[in-house]
file data-v3.cif (mmCIF, C-alpha atoms)
data_query
loop_
_atom_site.group_PDB
_atom_site.id
_atom_site.type_symbol
_atom_site.label_atom_id
_atom_site.label_comp_id
_atom_site.auth_asym_id
_atom_site.auth_seq_id
_atom_site.Cartn_x
_atom_site.Cartn_y
_atom_site.Cartn_z
ATOM 1 C CA MET A 1 118.309 143.659 97.824
ATOM 2 C CA ALA A 2 118.196 139.878 97.365
ATOM 3 C CA ALA A 3 115.317 137.825 98.717
ATOM 4 C CA PRO A 4 116.051 135.823 101.879
ATOM 5 C CA PRO A 5 117.183 132.204 101.270
ATOM 6 C CA SER A 6 113.906 130.821 102.634
ATOM 7 C CA GLU A 7 111.889 132.867 100.109
ATOM 8 C CA ARG A 8 114.189 131.769 97.264
ATOM 9 C CA ARG A 9 113.755 128.117 98.305
ATOM 10 C CA SER A 10 109.989 128.569 98.491
ATOM 11 C CA ALA A 11 109.846 130.141 95.010
ATOM 12 C CA LEU A 12 112.013 127.326 93.600
ATOM 13 C CA SER A 13 109.784 124.737 95.269
ATOM 14 C CA VAL A 14 106.640 126.259 93.732
ATOM 15 C CA ARG A 15 108.257 126.453 90.303
ATOM 16 C CA SER A 16 109.503 122.868 90.615
ATOM 17 C CA ALA A 17 106.026 121.635 91.562
ATOM 18 C CA ARG A 18 104.477 123.474 88.596
ATOM 19 C CA THR A 19 107.037 121.958 86.221
ATOM 20 C CA CYS A 20 106.341 118.491 87.574
ATOM 21 C CA GLU A 21 102.578 119.015 87.158
ATOM 22 C CA ARG A 22 103.115 120.227 83.585
ATOM 23 C CA ILE A 23 105.057 117.044 82.809
ATOM 24 C CA LEU A 24 102.322 114.880 84.335
ATOM 25 C CA ASP A 25 99.605 116.772 82.413
ATOM 26 C CA ALA A 26 101.516 116.279 79.164
ATOM 27 C CA ALA A 27 102.122 112.595 79.894
ATOM 28 C CA GLY A 28 98.447 112.046 80.702
ATOM 29 C CA ASP A 29 97.475 113.646 77.391
ATOM 30 C CA CYS A 30 99.960 111.445 75.512
ATOM 31 C CA PHE A 31 98.901 108.235 77.276
ATOM 32 C CA ALA A 32 95.234 109.019 76.609
ATOM 33 C CA ALA A 33 95.893 109.828 72.939
ATOM 34 C CA VAL A 34 98.187 106.980 71.849
ATOM 35 C CA GLY A 35 98.560 104.710 74.866
ATOM 36 C CA PHE A 36 101.463 103.988 77.177
ATOM 37 C CA ALA A 37 103.447 101.748 74.804
ATOM 38 C CA LYS A 38 103.503 104.268 71.942
ATOM 39 C CA THR A 39 104.317 107.297 74.099
ATOM 40 C CA THR A 40 107.974 108.315 74.323
ATOM 41 C CA VAL A 41 109.722 110.486 76.896
ATOM 42 C CA ASP A 42 110.684 112.806 74.012
ATOM 43 C CA GLU A 43 106.974 113.324 73.214
ATOM 44 C CA VAL A 44 106.138 113.984 76.861
ATOM 45 C CA ALA A 45 108.959 116.539 77.106
ATOM 46 C CA SER A 46 107.915 118.247 73.874
ATOM 47 C CA ARG A 47 104.271 118.458 74.904
ATOM 48 C CA ALA A 48 105.259 119.814 78.342
ATOM 49 C CA GLY A 49 107.599 122.384 76.770
ATOM 50 C CA VAL A 50 110.637 121.155 78.708
ATOM 51 C CA SER A 51 113.833 119.318 77.864
ATOM 52 C CA LYS A 52 114.083 115.533 77.998
ATOM 53 C CA ALA A 53 116.824 115.969 80.624
ATOM 54 C CA LEU A 54 114.422 117.899 82.849
ATOM 55 C CA VAL A 55 111.856 115.087 82.591
ATOM 56 C CA TYR A 56 114.552 112.664 83.750
ATOM 57 C CA HIS A 57 115.417 115.059 86.580
ATOM 58 C CA TYR A 58 111.913 114.447 88.004
ATOM 59 C CA PHE A 59 111.266 110.865 86.878
ATOM 60 C CA THR A 60 113.483 107.822 86.361
ATOM 61 C CA GLY A 61 111.639 106.801 83.202
ATOM 62 C CA LYS A 62 108.330 106.349 81.430
ATOM 63 C CA GLU A 63 107.067 103.777 83.954
ATOM 64 C CA ALA A 64 107.666 106.231 86.821
ATOM 65 C CA ILE A 65 105.771 108.913 84.891
ATOM 66 C CA LEU A 66 102.835 106.540 84.314
ATOM 67 C CA ASP A 67 102.849 105.595 87.978
ATOM 68 C CA ALA A 68 102.705 109.272 89.034
ATOM 69 C CA VAL A 69 99.971 110.091 86.485
ATOM 70 C CA LEU A 70 97.828 107.186 87.651
ATOM 71 C CA GLN A 71 98.360 107.942 91.351
ATOM 72 C CA ARG A 72 97.330 111.550 90.791
ATOM 73 C CA THR A 73 94.268 110.481 88.775
ATOM 74 C CA VAL A 74 93.177 107.973 91.426
ATOM 75 C CA ALA A 75 93.566 110.606 94.161
ATOM 76 C CA GLU A 76 91.485 113.162 92.204
ATOM 77 C CA TRP A 77 88.810 110.568 91.418
ATOM 78 C CA GLU A 78 88.555 109.468 95.050
ATOM 79 C CA ARG A 79 88.476 113.040 96.392
ATOM 80 C CA LEU A 80 85.757 114.097 93.983
ATOM 81 C CA THR A 81 83.628 111.013 94.682
ATOM 82 C CA ILE A 82 83.886 111.206 98.477
ATOM 83 C CA ASP A 83 83.419 114.993 98.496
ATOM 84 C CA GLU A 84 80.295 114.617 96.351
ATOM 85 C CA LEU A 85 78.759 112.126 98.774
ATOM 86 C CA ALA A 86 79.556 114.405 101.726
ATOM 87 C CA ALA A 87 78.183 117.537 100.008
ATOM 88 C CA ALA A 88 75.069 116.024 98.431
ATOM 89 C CA GLU A 89 71.732 116.701 100.077
ATOM 90 C CA GLY A 90 68.656 114.564 100.447
ATOM 91 C CA SER A 91 68.217 110.940 101.363
ATOM 92 C CA VAL A 92 71.037 108.433 101.608
ATOM 93 C CA LEU A 93 69.960 106.985 98.269
ATOM 94 C CA ASP A 94 69.916 110.462 96.687
ATOM 95 C CA ARG A 95 73.431 111.119 98.006
ATOM 96 C CA ILE A 96 74.776 107.785 96.721
ATOM 97 C CA ALA A 97 73.156 108.455 93.338
ATOM 98 C CA GLN A 98 74.774 111.902 93.171
ATOM 99 C CA MET A 99 78.147 110.365 94.037
ATOM 100 C CA HIS A 100 77.704 107.883 91.179
ATOM 101 C CA ARG A 101 76.806 110.660 88.731
ATOM 102 C CA ALA A 102 79.879 112.667 89.804
ATOM 103 C CA CYS A 103 82.066 109.590 89.360
ATOM 104 C CA MET A 104 80.735 109.072 85.833
ATOM 105 C CA ALA A 105 81.202 112.749 84.985
ATOM 106 C CA TYR A 106 84.832 112.605 86.128
ATOM 107 C CA ALA A 107 85.459 109.443 84.115
ATOM 108 C CA GLY A 108 84.106 111.201 81.037
ATOM 109 C CA LYS A 109 86.537 114.083 81.525
ATOM 110 C CA ALA A 110 89.586 111.962 82.452
ATOM 111 C CA PRO A 111 90.531 109.730 79.518
ATOM 112 C CA VAL A 112 93.731 108.711 81.311
ATOM 113 C CA LEU A 113 91.488 106.467 83.439
ATOM 114 C CA ARG A 114 91.565 104.109 80.453
ATOM 115 C CA ALA A 115 95.228 103.496 81.282
ATOM 116 C CA ILE A 116 94.240 102.373 84.786
ATOM 117 C CA LEU A 117 91.496 100.059 83.577
ATOM 118 C CA GLU A 118 93.312 98.640 80.540
ATOM 119 C CA PHE A 119 96.747 98.233 82.121
ATOM 120 C CA ASP A 120 97.504 94.625 83.086
ATOM 121 C CA PRO A 121 96.020 94.436 86.615
ATOM 122 C CA ARG A 122 98.711 92.017 87.799
ATOM 123 C CA ILE A 123 101.405 94.531 86.855
ATOM 124 C CA LEU A 124 99.399 97.532 88.026
ATOM 125 C CA LEU A 125 98.806 96.078 91.495
ATOM 126 C CA GLY A 126 102.566 95.888 92.050
ATOM 127 C CA THR A 127 103.043 99.597 91.377
ATOM 128 C CA GLY A 128 102.464 102.625 93.564
ATOM 129 C CA ALA A 129 99.417 103.427 91.422
ATOM 130 C CA GLY A 130 98.034 99.936 91.930
ATOM 131 C CA ARG A 131 98.441 100.193 95.688
ATOM 132 C CA ALA A 132 96.921 103.697 95.612
ATOM 133 C CA MET A 133 93.940 102.422 93.620
ATOM 134 C CA LYS A 134 93.395 99.490 95.975
ATOM 135 C CA GLN A 135 93.533 101.791 99.021
ATOM 136 C CA SER A 136 91.246 104.303 97.307
ATOM 137 C CA MET A 137 88.651 101.640 96.502
ATOM 138 C CA GLU A 138 88.768 100.467 100.110
ATOM 139 C CA ARG A 139 88.159 104.018 101.376
ATOM 140 C CA LEU A 140 85.272 104.460 98.912
ATOM 141 C CA ARG A 141 83.784 101.152 100.052
ATOM 142 C CA ALA A 142 84.034 102.257 103.692
ATOM 143 C CA VAL A 143 82.341 105.593 102.915
ATOM 144 C CA LEU A 144 79.514 103.794 101.098
ATOM 145 C CA GLU A 145 79.147 101.294 103.930
ATOM 146 C CA ASN A 146 78.888 104.094 106.494
ATOM 147 C CA ALA A 147 76.251 105.864 104.379
ATOM 148 C CA ILE A 148 74.241 102.635 104.128
ATOM 149 C CA ARG A 149 74.539 102.015 107.871
ATOM 150 C CA ALA A 150 73.265 105.565 108.489
ATOM 151 C CA GLY A 151 70.328 104.870 106.166
ATOM 152 C CA VAL A 152 69.496 101.669 108.039
ATOM 153 C CA ALA A 153 69.790 103.441 111.415
ATOM 154 C CA SER A 154 67.470 106.261 110.281
ATOM 155 C CA GLY A 155 64.893 103.796 108.956
ATOM 156 C CA GLU A 156 65.334 105.005 105.368
ATOM 157 C CA LEU A 157 66.765 101.641 104.294
ATOM 158 C CA ARG A 158 65.627 98.137 105.223
ATOM 159 C CA ALA A 159 66.899 96.908 108.574
ATOM 160 C CA ASP A 160 67.962 93.529 107.127
ATOM 161 C CA LEU A 161 70.477 95.028 104.662
ATOM 162 C CA ASP A 162 74.070 93.812 105.005
ATOM 163 C CA ALA A 163 75.769 97.207 104.701
ATOM 164 C CA ALA A 164 79.213 95.763 103.927
ATOM 165 C CA ARG A 165 77.950 93.573 101.078
ATOM 166 C CA VAL A 166 75.693 96.266 99.618
ATOM 167 C CA ALA A 167 78.623 98.713 99.646
ATOM 168 C CA ARG A 168 80.754 96.207 97.708
ATOM 169 C CA VAL A 169 77.987 95.648 95.149
ATOM 170 C CA LEU A 170 77.580 99.413 94.687
ATOM 171 C CA LEU A 171 81.331 99.863 94.244
ATOM 172 C CA VAL A 172 81.567 97.024 91.707
ATOM 173 C CA THR A 173 78.597 98.490 89.816
ATOM 174 C CA GLN A 174 80.171 101.933 89.804
ATOM 175 C CA LEU A 175 83.499 100.564 88.509
ATOM 176 C CA ALA A 176 81.685 98.592 85.798
ATOM 177 C CA PHE A 177 79.863 101.733 84.650
ATOM 178 C CA VAL A 178 83.142 103.667 84.547
ATOM 179 C CA GLU A 179 84.899 100.903 82.620
ATOM 180 C CA HIS A 180 82.116 100.720 80.023
ATOM 181 C CA SER A 181 81.992 104.499 79.717
ATOM 182 C CA LEU A 182 85.652 104.449 78.698
ATOM 183 C CA ASP A 183 85.354 101.482 76.367
ATOM 184 C CA PRO A 184 81.702 100.901 75.389
ATOM 185 C CA ALA A 185 82.474 97.752 73.386
ATOM 186 C CA TRP A 186 79.172 96.067 74.186
ATOM 187 C CA VAL A 187 77.361 98.370 76.611
ATOM 188 C CA ASP A 188 77.325 102.139 76.103
ATOM 189 C CA VAL A 189 76.650 103.586 79.545
ATOM 190 C CA SER A 190 77.089 107.217 78.516
ATOM 191 C CA ASP A 191 73.318 107.534 78.067
ATOM 192 C CA ALA A 192 71.965 109.503 81.048
ATOM 193 C CA ALA A 193 68.753 107.471 81.028
ATOM 194 C CA LEU A 194 70.736 104.227 81.400
ATOM 195 C CA ILE A 195 72.648 105.708 84.347
ATOM 196 C CA GLU A 196 69.368 106.689 85.985
ATOM 197 C CA THR A 197 67.933 103.203 85.353
ATOM 198 C CA GLY A 198 70.986 101.676 87.021
ATOM 199 C CA LEU A 199 70.510 103.973 89.997
ATOM 200 C CA ASP A 200 66.821 103.080 90.256
ATOM 201 C CA ILE A 201 67.698 99.381 90.377
#
call {"tool": "encode", "arguments": {"input": "data-v3.cif", "output": "C-alpha cells"}}
result
Amino acid sequence: MAAPPSERRSALSVRSARTCERILDAAGDCFAAVGFAKTTVDEVASRAGVSKALVYHYFTGKEAILDAVLQRTVAEWERLTIDELAAAEGSVLDRIAQMHRACMAYAGKAPVLRAILEFDPRILLGTGAGRAMKQSMERLRAVLENAIRAGVASGELRADLDAARVARVLLVTQLAFVEHSLDPAWVDVSDAALIETGLDI
C-alpha cells in the first residue's frame, strides 16, 4: 500500500532539506579552503556528492550559495552567543565573559567566518547575508545592553554606566577578537590568557 500523499510530500521535503544542507556544508568547506573566487560550482557539487544540475536546482549561482552559507553561519553564531549568555550562571560580568568565550570558540570552529569578515563590506551589506549580519549584531547589542542594565539595577555594575555605549564597545571588542582569531596578522588572540586579559579589562 502506497504512503498517503501528505507523507510522501513530507519525506520529499526532509530529503530536499538534507540535500540543500549538504550543498551548503560542501560550499562552506570549499570557501574556507580556497576562498570564494577560486571555488567553482563543479567543486561544490563534487564535494556534496550531487550533480551540478541539482546545485542549480537549489541555487541560482555561486553568489546565491555564498549568501546562504553566510546567512546560516551568522544565524548559528548569533544563536550560540545569545544562548550562552542566557544559560551562563554567575554575575553579569561572568555571563558576558562566558558569552565572549563561546563566541571565540565558535569562530575557531567555523573557518567560513573568514568569508564574512574578508568579503568587501560594501558588497556584503547589500546581500541577504549582509542584512542578516547587521540584524544579528543589533540583536546581540540589545542582549548585551539588557544584561548591563540588569547589572546596574542589581548594583553589580556602576550606576553611572551608559549601558548602550558599553554594549557597543563590548560588541566591537568581541568582533575584533573574532577577526584577529581568523587572521592573526599582527595580534594572535587565540591565546587563552590574552582572551582572559581582555575580559578582565
call {"tool": "resolve_selection", "arguments": {"input": "data-v3.cif", "expression": "the PyMOL selection byres ((chain A and resi 68) around 12)", "output": "MDAnalysis selection string"}}
result
chainID A and resid 20:21 23:25 27:28 58:67 69:75 112 116 127:130 132
call {"tool": "atom_distance", "arguments": {"input": "data-v3.cif", "atom1": "atom CA of Asn146 of chain A", "atom2": "atom CA of Thr197 of chain A"}}
result
23.8 Å
call {"tool": "closest_residue", "arguments": {"input": "data-v3.cif", "among": "A:Leu144, A:Leu85, A:Ala17, A:Cys30", "to": "Ala45 of chain A", "atoms": "all atoms listed in the file"}}
result
A:Cys30
call {"tool": "resolve_selection", "arguments": {"input": "data-v3.cif", "expression": "the PyMOL selection byres ((chain A and resi 99) around 12)", "output": "ChimeraX atom specification"}}
result
/A:77-89,92-98,100-106,140,143-144,147,170-171,174,199
call {"tool": "atom_distance", "arguments": {"input": "data-v3.cif", "atom1": "atom CA of Thr39 of chain A", "atom2": "atom CA of Val55 of chain A"}}
result
13.8 Å
call {"tool": "residues_near_point", "arguments": {"input": "data-v3.cif", "point": "(99.9, 104.4, 76.1)", "cutoff": "10 Å", "atoms": "all atoms listed in the file", "output": "NGL selection string"}}
result
:A and (27-40 or 66 or 112 or 114-115 or 118-119)
call {"tool": "atom_distance", "arguments": {"input": "data-v3.cif", "atom1": "atom CA of Ser154 of chain A", "atom2": "atom CA of Gly90 of chain A"}}
result
12.9 Å
call {"tool": "axis_aligned_box", "arguments": {"input": "data-v3.cif", "around": "segment 24-34 of chain A", "padding_each_side": "5 Å", "output": "AutoDock Vina command-line options"}}
result
--center_x 98.8 --center_y 111.9 --center_z 78.1 --size_x 17.1 --size_y 19.8 --size_z 22.5
call {"tool": "resolve_selection", "arguments": {"input": "data-v3.cif", "expression": "the PyMOL selection byres ((chain A and resi 163) around 8)", "output": "short mmCIF file (atom, residue, chain, number, x, y, z; two decimals) with C-alpha atoms, in the frame of the given file"}}
result
data_model
loop_
_atom_site.label_atom_id
_atom_site.label_comp_id
_atom_site.auth_asym_id
_atom_site.auth_seq_id
_atom_site.Cartn_x
_atom_site.Cartn_y
_atom_site.Cartn_z
CA GLU A 145 79.15 101.29 103.93
CA ASN A 146 78.89 104.09 106.49
CA ILE A 148 74.24 102.64 104.13
CA ARG A 149 74.54 102.02 107.87
CA LEU A 161 70.48 95.03 104.66
CA ASP A 162 74.07 93.81 105.00
CA ALA A 164 79.21 95.76 103.93
CA ARG A 165 77.95 93.57 101.08
CA VAL A 166 75.69 96.27 99.62
CA ALA A 167 78.62 98.71 99.65
#
call {"tool": "closest_residue", "arguments": {"input": "data-v3.cif", "among": "A:Val41, A:Leu194, A:Met133, A:Leu54", "to": "Glu76 of chain A", "atoms": "only C-alpha atoms"}}
result
A:Met133
